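Data block below; observations after.
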Amino acid sequence: MSSTDVRPEAAAEEIDIRRMLARFRRRFRLFAAVAGVVAGAVLGVALIQTPVYTATASLQINTRQAQVVDSRAVLSGLNAETGVVDTEVEVLKSPELAASVVDALNLTADPEFSARLRPPGRMDGVFERLGRKRAAPNAETDLRAERQAVVDAVGRRLSVRRVGLTYSMTVGFTAQDPAKAARVANAFAERYLASQLQAKFEANDQANRFLASRLDDLRGQVEAAEAAVSDYRIANDLLSAQGATLTEQEISAYNQQLAAARTQEAEQEARLRTARAQLASGSTGDDVGEALNSPVIRELRAQRAPISARVADMGGRYGPLHPDLVRARRELADIDAQIEGEIRRLISNLEAQAGVARQRAVSVQTSLGAARDALASNSAASVRLRELEGDAQAARAVYQAFLDRYRQTTAQTGVEQADARIISRASIPAAPSSPKLLLHLLLGLVLGGGAGLAVAIIAENLDAGVGTAEDLERRLGLPALGSIPLAASVAEPADRAVAPIDLVVKRPLSAFAEAFRAMRAAINHSVQGPGGRVVVLTSALPGEGKTTAAIALARVSAQAGLRVLLLDGDLRRRGATRALGLHGGPGLVEALRGEAALEAVLTRDAASGVQILTLSNHAPVGEDLFGSAAMGALIIRLRSSFDLILMDAPPVLAVADGRTLAARADAVILLARWRRTPARAVADAARLLHQSGAALLGVALTQVDVNAQARQGYGDAGFYYGQYRRYYIG
């Protein structure tokens with residue numbers, strides 16, 4: 001199995017809150033230390049800071065303006081839009097406004113803002129050591145640079161913000177003196193309003209000066225244009241009244257007279273033709289219009305009516321020759337003659353009136369023609385006159401527009417209004433705004449907690465060791481055989497001086513001995529077959545506790561009644577031989593070379609009865625003894641004599657002998673030190689064992705601190721040690 005193989009369960013891993021809490025408990029001391037240091041540093045910085053006070057004034061952009069003068073202002077008021085309010089916030093932050101406040105309050109003479117006037121501080125010595133000594137005040141000090149430094153310092157103390165989406169703004173200033181903070185904040189608000197008024201006043205004054213100078217020029221242009229029109233009229237005889245020339249007015253009058261004359265002529269002709277037509281049709285003239293309207297004829301007809309009635313009456317009573325009848329008829333004929341004569345006179349009058357009307361029309365027509373001839377002769381001169389009049393009118397219109405605007409701007413002088421107002425002046429703050437110990441404490445706790453958590457996470461991720469059986473299965477995909485506790489963590493106080501290999505004999509019912517019984521049970525269930533079982537105990541790196549584990553496992557197995565042989569296979573370290581205090585004499589190497597009989601090199605462990613095949617002190621390591629045929633024959637012989645043959649092999653990654661021995665065994669147990677052996681090393685060792693053809697039974701963790709595992713080792717049986725430790729009675 002390669003180191004890159006991952007079990008399906010690992011790929012489908014889900015978030016486990018209890019595992020995360022277990023990891024946090026494992027790194028709690030580191031977390032607490034980092035968090036405490038960071039929180040203490042933040043709180044310490046707050047404690048050494050000089051208290052400062054912040055005073056705040058409130059301004060509001062005017063959404064309604066009082067119209068004292070009903071005319072357009074030279075500099076228009078602010079439009080209370082979102083962008084305008086945000087722009088005014090930036091105006092309040094501008095260096096120009098800060099400079100005006102500095103000058104108004106003489107802040108250049110305040111040591112809080114002027115570095116030149118500030119007393120030497122503790123950092124001056126540092127500056128001197130670094131070769132950056134503070135500049136001492138002298139006559140050549142650049143006053144402008146000093147003033148600019150004060151302006152910058154004041155600007156950094158200023159805070160301006162818009163209140164939500166309203167038209168209100170707050171102006172805050174921070175200083176060591178609360179009264180000074182309020183004074184400067186109010187000064188910013190006042191200077192801001194004054195700057196608005198000043199801008200409007202200057203714009204109005206500039207407009208007045210411009211309009212006044214422009215009016216002088218325009219007045220001269222108007223006078224020149226009108227003089228040109230007048231001169232041209234006189235030169236070309238184009239005098240006029242009420243906007244028209246005299247010739248045009250004369251023609252207009254002639255046209256009216258001609259129309260009236262023609263109308264009168266037509267009327268007289270119509271009346272005459274009507275009267276003639278009536279007379280031609282046999283009328284006596286009684287029905288002629290003029291006769292009907294004549295008072296003389298009406299009077300005569302009134303006289304004729306009674307005479308005509310008397311003639312008719314007498315004609316019926318008397319004969320035609322009766323004197324009264326004859327006299328009456330003569331009176332009637334006389335009246336009729338008078339009426340006829342009056343009608344002839346009226347007709348003659350109509351003829352005379354028609355003739356007069358015709359002559360009048362002809363006379364007016366003649367005068368109109370003469371006037372039109374005079375007008376035609378002045379047409380070219382009129383075109384130029386209209387051009388001059390247009391120029392004069394345009395010049396007067398421009399002059400009048402400028403004159404009206406000048407009067408408006410002059411009327412506005414002195415009534416300018418600011419576009420904002422102060423709705424709340426800054427008051428002297430009662431409590432410092434900084435440092436806020438509670439806020440710094442909370443900030444320190446938050447930053448400390450974040451830093452501690454980050455360091456804990458980094459440490460956890462950098463921890464390459466294997467901590468639980470679940471890590472072996474989840475991270476490496478290797479079977480876990482259990483955990484071998486650190487003897488000191490499970491031994492009674494009286495037994496803590498006892499060596500671990502002796503503890504399994506002295507306390508066979510202890511948790512330490514129980515771990516090896518669990519390992520022996522795994523071997524019994526996994527390795528089947530006739531004859532003795534050959535099991536190799538190895539590790540990835542030195543110092544994993546494999547020798548102690550091999551001796552303890554051998555002794556526990558012997559206590560169970562098995563015939564056990566412990567073979568020391570580490571030619572370089574001779575770990576089992578030294579641990580048991582066996583020195584000198586022939587051993588395994590001599591037996592393989594045929595220099596000594598097997599029975600002669602076996603040593604019996606007095607404490608447990610385990611047979612031990614040791615290594616001599618001067619065993620050479622150049623030969624491949626474990627891969628020889630003699631080694632194979634030796635293992636076959638040992639199988640027939642023992643139930644369990646345990647081989648203490650060297651580390652797999654360090655020496656090839658471990659892989660050679662593993663290939664000859666029925667099972668291989670790979671040991672890894674708890675939280676020390678890198679997971680990559682364990683994976684590489686497992687890969688090499690598989691490549692050698694070894695039957696890897698699983699991985700066992702050694703030197704496990706069960707007390708720490710019980711607190712932090714979620715995912716491992718040791719996590720529940722506190723619940724089952726009462727079963728171990730030593």
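FYI, nothing fancy with the structure tokens labels: chains A, B, ... in order, residues from 1 per chain, ligands from 1 as they appear.
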
With only C-alpha atoms as the counted atoms, please give the residues lying no more than 10 Å from Ile307 in chain A, apart from itself and same-chain residues fewer than 3 positions off, as JSON, numbers by chain. {"A": [302, 303, 304, 310, 311, 312, 313, 328, 329, 330, 331, 332, 335]}

Would you put the residues from that selection into a file with N, CA and C atoms, as an mmCIF file, in the first residue's frame?
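Result written to out28.cif:
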data_model
loop_
_atom_site.group_PDB
_atom_site.id
_atom_site.type_symbol
_atom_site.label_atom_id
_atom_site.label_comp_id
_atom_site.auth_asym_id
_atom_site.auth_seq_id
_atom_site.Cartn_x
_atom_site.Cartn_y
_atom_site.Cartn_z
ATOM 1 N N ALA A 302 -98.344 114.072 -47.358
ATOM 2 C CA ALA A 302 -99.269 114.234 -46.238
ATOM 3 C C ALA A 302 -100.384 115.227 -46.593
ATOM 4 N N GLN A 303 -100.036 116.286 -47.384
ATOM 5 C CA GLN A 303 -101.054 117.258 -47.806
ATOM 6 C C GLN A 303 -101.988 116.652 -48.857
ATOM 7 N N ARG A 304 -101.465 115.796 -49.710
ATOM 8 C CA ARG A 304 -102.259 115.223 -50.813
ATOM 9 C C ARG A 304 -103.267 114.230 -50.300
ATOM 10 N N ARG A 310 -111.075 113.980 -50.319
ATOM 11 C CA ARG A 310 -112.224 114.874 -50.575
ATOM 12 C C ARG A 310 -112.674 114.752 -52.032
ATOM 13 N N VAL A 311 -111.653 114.596 -52.940
ATOM 14 C CA VAL A 311 -112.014 114.438 -54.359
ATOM 15 C C VAL A 311 -112.815 113.169 -54.529
ATOM 16 N N ALA A 312 -112.401 112.125 -53.886
ATOM 17 C CA ALA A 312 -113.125 110.866 -54.016
ATOM 18 C C ALA A 312 -114.526 110.971 -53.420
ATOM 19 N N ASP A 313 -114.653 111.699 -52.336
ATOM 20 C CA ASP A 313 -115.961 111.813 -51.679
ATOM 21 C C ASP A 313 -116.900 112.665 -52.542
ATOM 22 N N ALA A 328 -110.992 121.052 -56.128
ATOM 23 C CA ALA A 328 -110.243 120.038 -55.368
ATOM 24 C C ALA A 328 -109.282 119.273 -56.280
ATOM 25 N N ARG A 329 -109.757 119.024 -57.546
ATOM 26 C CA ARG A 329 -108.886 118.290 -58.468
ATOM 27 C C ARG A 329 -107.686 119.148 -58.854
ATOM 28 N N ARG A 330 -107.915 120.504 -59.013
ATOM 29 C CA ARG A 330 -106.786 121.360 -59.342
ATOM 30 C C ARG A 330 -105.758 121.367 -58.181
ATOM 31 N N GLU A 331 -106.241 121.343 -56.928
ATOM 32 C CA GLU A 331 -105.322 121.304 -55.778
ATOM 33 C C GLU A 331 -104.522 119.999 -55.767
ATOM 34 N N LEU A 332 -105.202 118.920 -56.098
ATOM 35 C CA LEU A 332 -104.529 117.611 -56.120
ATOM 36 C C LEU A 332 -103.496 117.561 -57.219
ATOM 37 N N ILE A 335 -100.392 119.562 -56.244
ATOM 38 C CA ILE A 335 -99.511 118.838 -55.294
ATOM 39 C C ILE A 335 -98.730 117.752 -56.019
#

Could you give me, as CSV, every range 568-656 of chain A residue with an atom at most 12 Å from range 498-501 of chain A, plus its closest atom pair and distance in Å to one decimal, counting only C-alpha atoms, rows ordered by chain then number?
residue,atom,partner,partner_atom,distance
A:Ala576,CA,A:Ile501,CA,10.5
A:Ala579,CA,A:Ile501,CA,8.6
A:Leu580,CA,A:Ile501,CA,8.8
A:Gly581,CA,A:Ile501,CA,11.9
A:Asp605,CA,A:Ile501,CA,11.7
A:Ala607,CA,A:Ile501,CA,10.2
A:Ser608,CA,A:Ile501,CA,10.8

Residues near range 256-272 of chain A, anyone? I mean within 10 Å using only C-alpha atoms, not counting same-chain ones fewer than 5 positions away, as a PyMOL selection string. chain A and resi 250-251+277+288-290+346-368

Written file, previous selection with N, CA and C atoms, as an mmCIF file, in the first residue's frame:
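After the write, out-v2.cif holds the following:
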data_model
loop_
_atom_site.group_PDB
_atom_site.id
_atom_site.type_symbol
_atom_site.label_atom_id
_atom_site.label_comp_id
_atom_site.auth_asym_id
_atom_site.auth_seq_id
_atom_site.Cartn_x
_atom_site.Cartn_y
_atom_site.Cartn_z
ATOM 1 N N GLU A 250 -47.931 108.258 -45.158
ATOM 2 C CA GLU A 250 -48.725 108.932 -46.192
ATOM 3 C C GLU A 250 -49.433 107.922 -47.075
ATOM 4 N N ILE A 251 -48.701 106.882 -47.502
ATOM 5 C CA ILE A 251 -49.299 105.828 -48.336
ATOM 6 C C ILE A 251 -50.432 105.149 -47.595
ATOM 7 N N ALA A 277 -83.397 103.058 -62.913
ATOM 8 C CA ALA A 277 -84.094 101.825 -63.292
ATOM 9 C C ALA A 277 -85.565 101.869 -62.881
ATOM 10 N N VAL A 288 -88.841 105.616 -55.321
ATOM 11 C CA VAL A 288 -87.386 105.813 -55.357
ATOM 12 C C VAL A 288 -86.894 106.008 -53.930
ATOM 13 N N GLY A 289 -85.748 105.415 -53.628
ATOM 14 C CA GLY A 289 -85.242 105.457 -52.244
ATOM 15 C C GLY A 289 -85.061 106.865 -51.734
ATOM 16 N N GLU A 290 -84.543 107.748 -52.549
ATOM 17 C CA GLU A 290 -84.302 109.108 -52.128
ATOM 18 C C GLU A 290 -85.611 109.824 -51.861
ATOM 19 N N LEU A 346 -84.232 115.427 -56.915
ATOM 20 C CA LEU A 346 -83.464 114.391 -56.193
ATOM 21 C C LEU A 346 -82.618 113.556 -57.159
ATOM 22 N N ILE A 347 -83.189 113.235 -58.327
ATOM 23 C CA ILE A 347 -82.445 112.430 -59.292
ATOM 24 C C ILE A 347 -81.255 113.233 -59.795
ATOM 25 N N SER A 348 -81.448 114.511 -60.013
ATOM 26 C CA SER A 348 -80.343 115.352 -60.469
ATOM 27 C C SER A 348 -79.254 115.435 -59.403
ATOM 28 N N ASN A 349 -79.687 115.512 -58.172
ATOM 29 C CA ASN A 349 -78.709 115.545 -57.059
ATOM 30 C C ASN A 349 -77.895 114.256 -56.997
ATOM 31 N N LEU A 350 -78.568 113.121 -57.219
ATOM 32 C CA LEU A 350 -77.840 111.836 -57.228
ATOM 33 C C LEU A 350 -76.776 111.813 -58.313
ATOM 34 N N GLU A 351 -77.094 112.370 -59.501
ATOM 35 C CA GLU A 351 -76.132 112.389 -60.593
ATOM 36 C C GLU A 351 -74.933 113.258 -60.219
ATOM 37 N N ALA A 352 -75.197 114.391 -59.528
ATOM 38 C CA ALA A 352 -74.092 115.269 -59.137
ATOM 39 C C ALA A 352 -73.188 114.607 -58.092
ATOM 40 N N GLN A 353 -73.804 113.956 -57.143
ATOM 41 C CA GLN A 353 -73.011 113.278 -56.088
ATOM 42 C C GLN A 353 -72.152 112.152 -56.672
ATOM 43 N N ALA A 354 -72.691 111.393 -57.645
ATOM 44 C CA ALA A 354 -71.926 110.319 -58.267
ATOM 45 C C ALA A 354 -70.724 110.882 -59.007
ATOM 46 N N GLY A 355 -70.893 112.012 -59.657
ATOM 47 C CA GLY A 355 -69.781 112.622 -60.351
ATOM 48 C C GLY A 355 -68.701 113.099 -59.407
ATOM 49 N N VAL A 356 -69.105 113.718 -58.298
ATOM 50 C CA VAL A 356 -68.110 114.159 -57.295
ATOM 51 C C VAL A 356 -67.331 112.971 -56.739
ATOM 52 N N ALA A 357 -68.023 111.868 -56.465
ATOM 53 C CA ALA A 357 -67.350 110.677 -55.906
ATOM 54 C C ALA A 357 -66.325 110.129 -56.882
ATOM 55 N N ARG A 358 -66.669 110.150 -58.197
ATOM 56 C CA ARG A 358 -65.716 109.645 -59.190
ATOM 57 C C ARG A 358 -64.486 110.526 -59.248
ATOM 58 N N GLN A 359 -64.659 111.804 -59.195
ATOM 59 C CA GLN A 359 -63.518 112.712 -59.246
ATOM 60 C C GLN A 359 -62.628 112.573 -58.002
ATOM 61 N N ARG A 360 -63.261 112.373 -56.865
ATOM 62 C CA ARG A 360 -62.480 112.209 -55.620
ATOM 63 C C ARG A 360 -61.627 110.943 -55.658
ATOM 64 N N ALA A 361 -62.206 109.853 -56.134
ATOM 65 C CA ALA A 361 -61.458 108.599 -56.218
ATOM 66 C C ALA A 361 -60.263 108.729 -57.147
ATOM 67 N N VAL A 362 -60.484 109.449 -58.285
ATOM 68 C CA VAL A 362 -59.379 109.628 -59.227
ATOM 69 C C VAL A 362 -58.278 110.463 -58.596
ATOM 70 N N SER A 363 -58.652 111.471 -57.810
ATOM 71 C CA SER A 363 -57.651 112.333 -57.178
ATOM 72 C C SER A 363 -56.821 111.571 -56.138
ATOM 73 N N VAL A 364 -57.520 110.781 -55.316
ATOM 74 C CA VAL A 364 -56.791 109.997 -54.300
ATOM 75 C C VAL A 364 -55.875 108.972 -54.960
ATOM 76 N N GLN A 365 -56.344 108.353 -56.048
ATOM 77 C CA GLN A 365 -55.535 107.357 -56.762
ATOM 78 C C GLN A 365 -54.267 107.993 -57.305
ATOM 79 N N THR A 366 -54.393 109.228 -57.785
ATOM 80 C CA THR A 366 -53.224 109.927 -58.322
ATOM 81 C C THR A 366 -52.210 110.230 -57.212
ATOM 82 N N SER A 367 -52.707 110.682 -56.047
ATOM 83 C CA SER A 367 -51.801 110.972 -54.922
ATOM 84 C C SER A 367 -51.109 109.698 -54.417
ATOM 85 N N LEU A 368 -51.853 108.585 -54.381
ATOM 86 C CA LEU A 368 -51.281 107.303 -53.925
ATOM 87 C C LEU A 368 -50.170 106.843 -54.858
#

Please extract the residues of range 399-445 of chain A with a backbone DSSP assignment of alpha helix (DSSP H) and present them as a ChimeraX atom specification. /A:399-412,437-445

Env of Asp103 in chain A: 12 Å cut, atoms = only C-alpha atoms, seq-sep filter 5 positions within chain, self excluded. Answer as a ChimeraX atom specification. /A:96-98,108-110,147-148,150-151,154,184,187-188,191

Those same residues, written as a compact mmCIF listing (two decimals), in the first residue's frame with C-alpha atoms?
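Result went into selection-v4.txt, see below:
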# COMPACT_ATOMS: atom_id res chain seq x y z
CA GLU A 96 -7.62 74.74 3.75
CA LEU A 97 -10.35 74.72 6.38
CA ALA A 98 -7.96 73.18 8.92
CA THR A 108 0.86 76.83 16.05
CA ALA A 109 1.68 78.05 19.57
CA ASP A 110 0.11 74.97 21.18
CA ARG A 147 2.59 75.57 10.15
CA GLN A 148 1.88 72.82 7.64
CA VAL A 150 0.45 71.74 12.70
CA VAL A 151 -2.28 71.75 10.05
CA VAL A 154 -5.00 69.09 13.50
CA VAL A 184 -11.65 73.49 18.07
CA ALA A 187 -14.24 76.57 15.37
CA PHE A 188 -14.38 74.06 12.51
CA ARG A 191 -15.21 78.50 9.92

From the options A:Arg637, A:Arg659, A:Arg233, A:Arg675, which residue's atoms come nearest to Ser382 in chain A, counting only C-alpha atoms?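 For Ser382 in chain A, the nearest of the given residues is A:Arg233.
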
Select from range 406-457 of chain A everything DSSP, run on the backbone, classes as strand (DSSP E or B), then give the selection as a list in words. Ala420, Arg421, Ile422, Ile423, Ser424 and Ser434 of chain A

Resulting file, chosen residues, N, CA and C atoms, as a compact mmCIF listing (two decimals), in the first residue's frame:
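Final file, part_6.txt:
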# COMPACT_ATOMS: atom_id res chain seq x y z
N ALA A 420 -25.60 75.90 5.23
CA ALA A 420 -25.73 74.97 6.36
C ALA A 420 -25.91 75.79 7.63
N ARG A 421 -26.25 75.11 8.68
CA ARG A 421 -26.40 75.78 9.97
C ARG A 421 -25.96 74.83 11.09
N ILE A 422 -25.58 75.41 12.20
CA ILE A 422 -25.16 74.62 13.36
C ILE A 422 -26.42 74.26 14.14
N ILE A 423 -26.66 72.99 14.30
CA ILE A 423 -27.84 72.56 15.07
C ILE A 423 -27.45 72.14 16.49
N SER A 424 -26.17 71.92 16.71
CA SER A 424 -25.73 71.57 18.07
C SER A 424 -24.25 71.91 18.19
N SER A 434 -10.66 58.16 24.65
CA SER A 434 -9.62 57.14 24.48
C SER A 434 -8.54 57.39 25.53

If we count only C-alpha atoms and set the cut-off at 12 Å, which residues sit around His583 in chain A, ignoring sequence neighbours fewer than 5 positions away in its own chain? Please answer as a CSV table (one decimal) with N, CA and C atoms, in the first residue's frame.
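Resulting contents of part-v4.csv:
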chain,number,residue,atom,x,y,z
A,574,ARG,N,21.6,-3.9,19.2
A,574,ARG,CA,21.4,-5.1,20.1
A,574,ARG,C,20.5,-4.6,21.3
A,575,GLY,N,19.3,-4.0,20.9
A,575,GLY,CA,18.4,-3.5,21.9
A,575,GLY,C,17.9,-4.4,23.0
A,576,ALA,N,17.4,-5.6,22.6
A,576,ALA,CA,16.8,-6.6,23.5
A,576,ALA,C,17.9,-7.1,24.4
A,577,THR,N,19.0,-7.4,23.8
A,577,THR,CA,20.1,-8.0,24.6
A,577,THR,C,20.6,-7.0,25.7
A,578,ARG,N,20.7,-5.7,25.4
A,578,ARG,CA,21.1,-4.8,26.4
A,578,ARG,C,20.0,-4.5,27.4
A,601,VAL,N,23.3,-21.0,22.6
A,601,VAL,CA,23.2,-19.6,22.5
A,601,VAL,C,21.8,-19.1,23.1
A,603,THR,N,19.1,-18.1,25.9
A,603,THR,CA,19.2,-17.7,27.3
A,603,THR,C,17.7,-17.6,27.8
A,613,LEU,N,17.2,-15.2,22.1
A,613,LEU,CA,18.3,-15.5,21.2
A,613,LEU,C,19.0,-14.1,21.1
A,614,THR,N,20.1,-13.9,21.8
A,614,THR,CA,20.8,-12.7,21.9
A,614,THR,C,21.8,-12.5,20.8
A,615,LEU,N,22.4,-11.3,20.8
A,615,LEU,CA,23.5,-11.0,19.9
A,615,LEU,C,24.8,-10.8,20.7
A,616,SER,N,25.9,-11.3,20.1
A,616,SER,CA,27.2,-11.1,20.8
A,616,SER,C,27.6,-9.7,20.7
A,617,ASN,N,28.7,-9.4,21.5
A,617,ASN,CA,29.1,-8.0,21.6
A,617,ASN,C,29.9,-7.6,20.3
A,618,HIS,N,30.5,-8.5,19.6
A,618,HIS,CA,31.3,-8.1,18.5
A,618,HIS,C,30.8,-8.7,17.2

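When only C-alpha atoms are used to measure the gap to Val668 in chain A, the shortest distance among A:Leu541, A:Val527, A:Leu625, A:Leu566 belongs to A:Val527.
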
List as number ranges by chain the protein and nucleic acid residues near Leu598 in chain A, meaning an atom at most 9 Å away when only C-alpha atoms are counted, but skip any in the same chain fewer than 4 places from it. A: 587-588, 590-592, 594, 602, 613, 634

For the selection just defined, write its residues with C-alpha atoms to a file, as a compact mmCIF listing (two decimals), in the first residue's frame.
# COMPACT_ATOMS: atom_id res chain seq x y z
CA GLY A 587 24.50 -15.55 20.04
CA LEU A 588 22.40 -15.41 16.90
CA GLU A 590 27.35 -17.46 15.72
CA ALA A 591 24.40 -19.82 15.40
CA LEU A 592 23.76 -18.76 11.80
CA GLY A 594 27.47 -22.64 12.53
CA LEU A 602 19.61 -19.54 23.98
CA LEU A 613 18.28 -15.45 21.23
CA LEU A 634 16.74 -21.46 11.69

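Residue nearest Pro178 in chain A, chosen from A:Pro429, A:Ile343, A:Arg273, A:Leu211 and counting only C-alpha atoms: A:Pro429.
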
For Leu701 in chain A, the nearest of the candidates A:Arg687, A:Lys546, A:Arg664, A:Arg396, counting only C-alpha atoms: A:Lys546

Extract, using only C-alpha atoms, all DNA, RNA and protein residues at most 12 Å from Val85 in chain A, discarding same-chain residues fewer than 6 positions from it, and format them as a list in words.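 Residues near the query, excluding close chain neighbours: Leu59, Gln60, Ile61, Asn62, Thr63, Leu78, Asn79, Val91, Leu92, Val160, Arg161, Arg162, Val163, Gly164, Leu165, Thr166, Tyr167, Ser168, Met169, Thr170, Asp419 and Ala420 of chain A.
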
Restrict the selected residues to C-alpha atoms and save them as an mmCIF file, in the first residue's frame.
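Contents of result-v5.cif, as written:
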data_model
loop_
_atom_site.group_PDB
_atom_site.id
_atom_site.type_symbol
_atom_site.label_atom_id
_atom_site.label_comp_id
_atom_site.auth_asym_id
_atom_site.auth_seq_id
_atom_site.Cartn_x
_atom_site.Cartn_y
_atom_site.Cartn_z
ATOM 1 C CA LEU A 59 -24.267 70.679 11.234
ATOM 2 C CA GLN A 60 -27.172 70.397 8.834
ATOM 3 C CA ILE A 61 -27.394 71.262 5.155
ATOM 4 C CA ASN A 62 -30.293 73.690 4.663
ATOM 5 C CA THR A 63 -32.998 72.102 2.528
ATOM 6 C CA LEU A 78 -26.294 73.668 -2.296
ATOM 7 C CA ASN A 79 -28.612 71.006 -3.627
ATOM 8 C CA VAL A 91 -14.790 70.071 2.399
ATOM 9 C CA LEU A 92 -14.892 69.930 6.194
ATOM 10 C CA VAL A 160 -16.241 64.274 10.078
ATOM 11 C CA ARG A 161 -19.017 61.922 9.083
ATOM 12 C CA ARG A 162 -22.489 62.015 7.669
ATOM 13 C CA VAL A 163 -25.308 60.863 9.955
ATOM 14 C CA GLY A 164 -26.883 57.978 8.065
ATOM 15 C CA LEU A 165 -28.675 59.149 4.922
ATOM 16 C CA THR A 166 -29.749 62.468 6.463
ATOM 17 C CA TYR A 167 -28.547 65.979 5.667
ATOM 18 C CA SER A 168 -26.777 66.205 9.034
ATOM 19 C CA MET A 169 -23.020 66.010 9.623
ATOM 20 C CA THR A 170 -21.027 65.637 12.824
ATOM 21 C CA ASP A 419 -25.994 76.690 2.962
ATOM 22 C CA ALA A 420 -25.730 74.972 6.357
#

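Pairwise distance (CA of Phe626 in chain A, CA of Val536 in chain A) equals 12.7 Å.
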
For each of A:Ala104, A:Ala275, A:Leu437, A:Val229, take the minimum atom-to-atom distance to Gly40 in chain A, counting only C-alpha atoms, then give the residue where this is smallest. A:Leu437

Of the candidates A:Thr660, A:Gln400, A:Gln611, A:Gln417, which shows the shortest atom-to-atom distance to Leu218 in chain A, using only C-alpha atoms?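 Closest candidate: A:Gln400.
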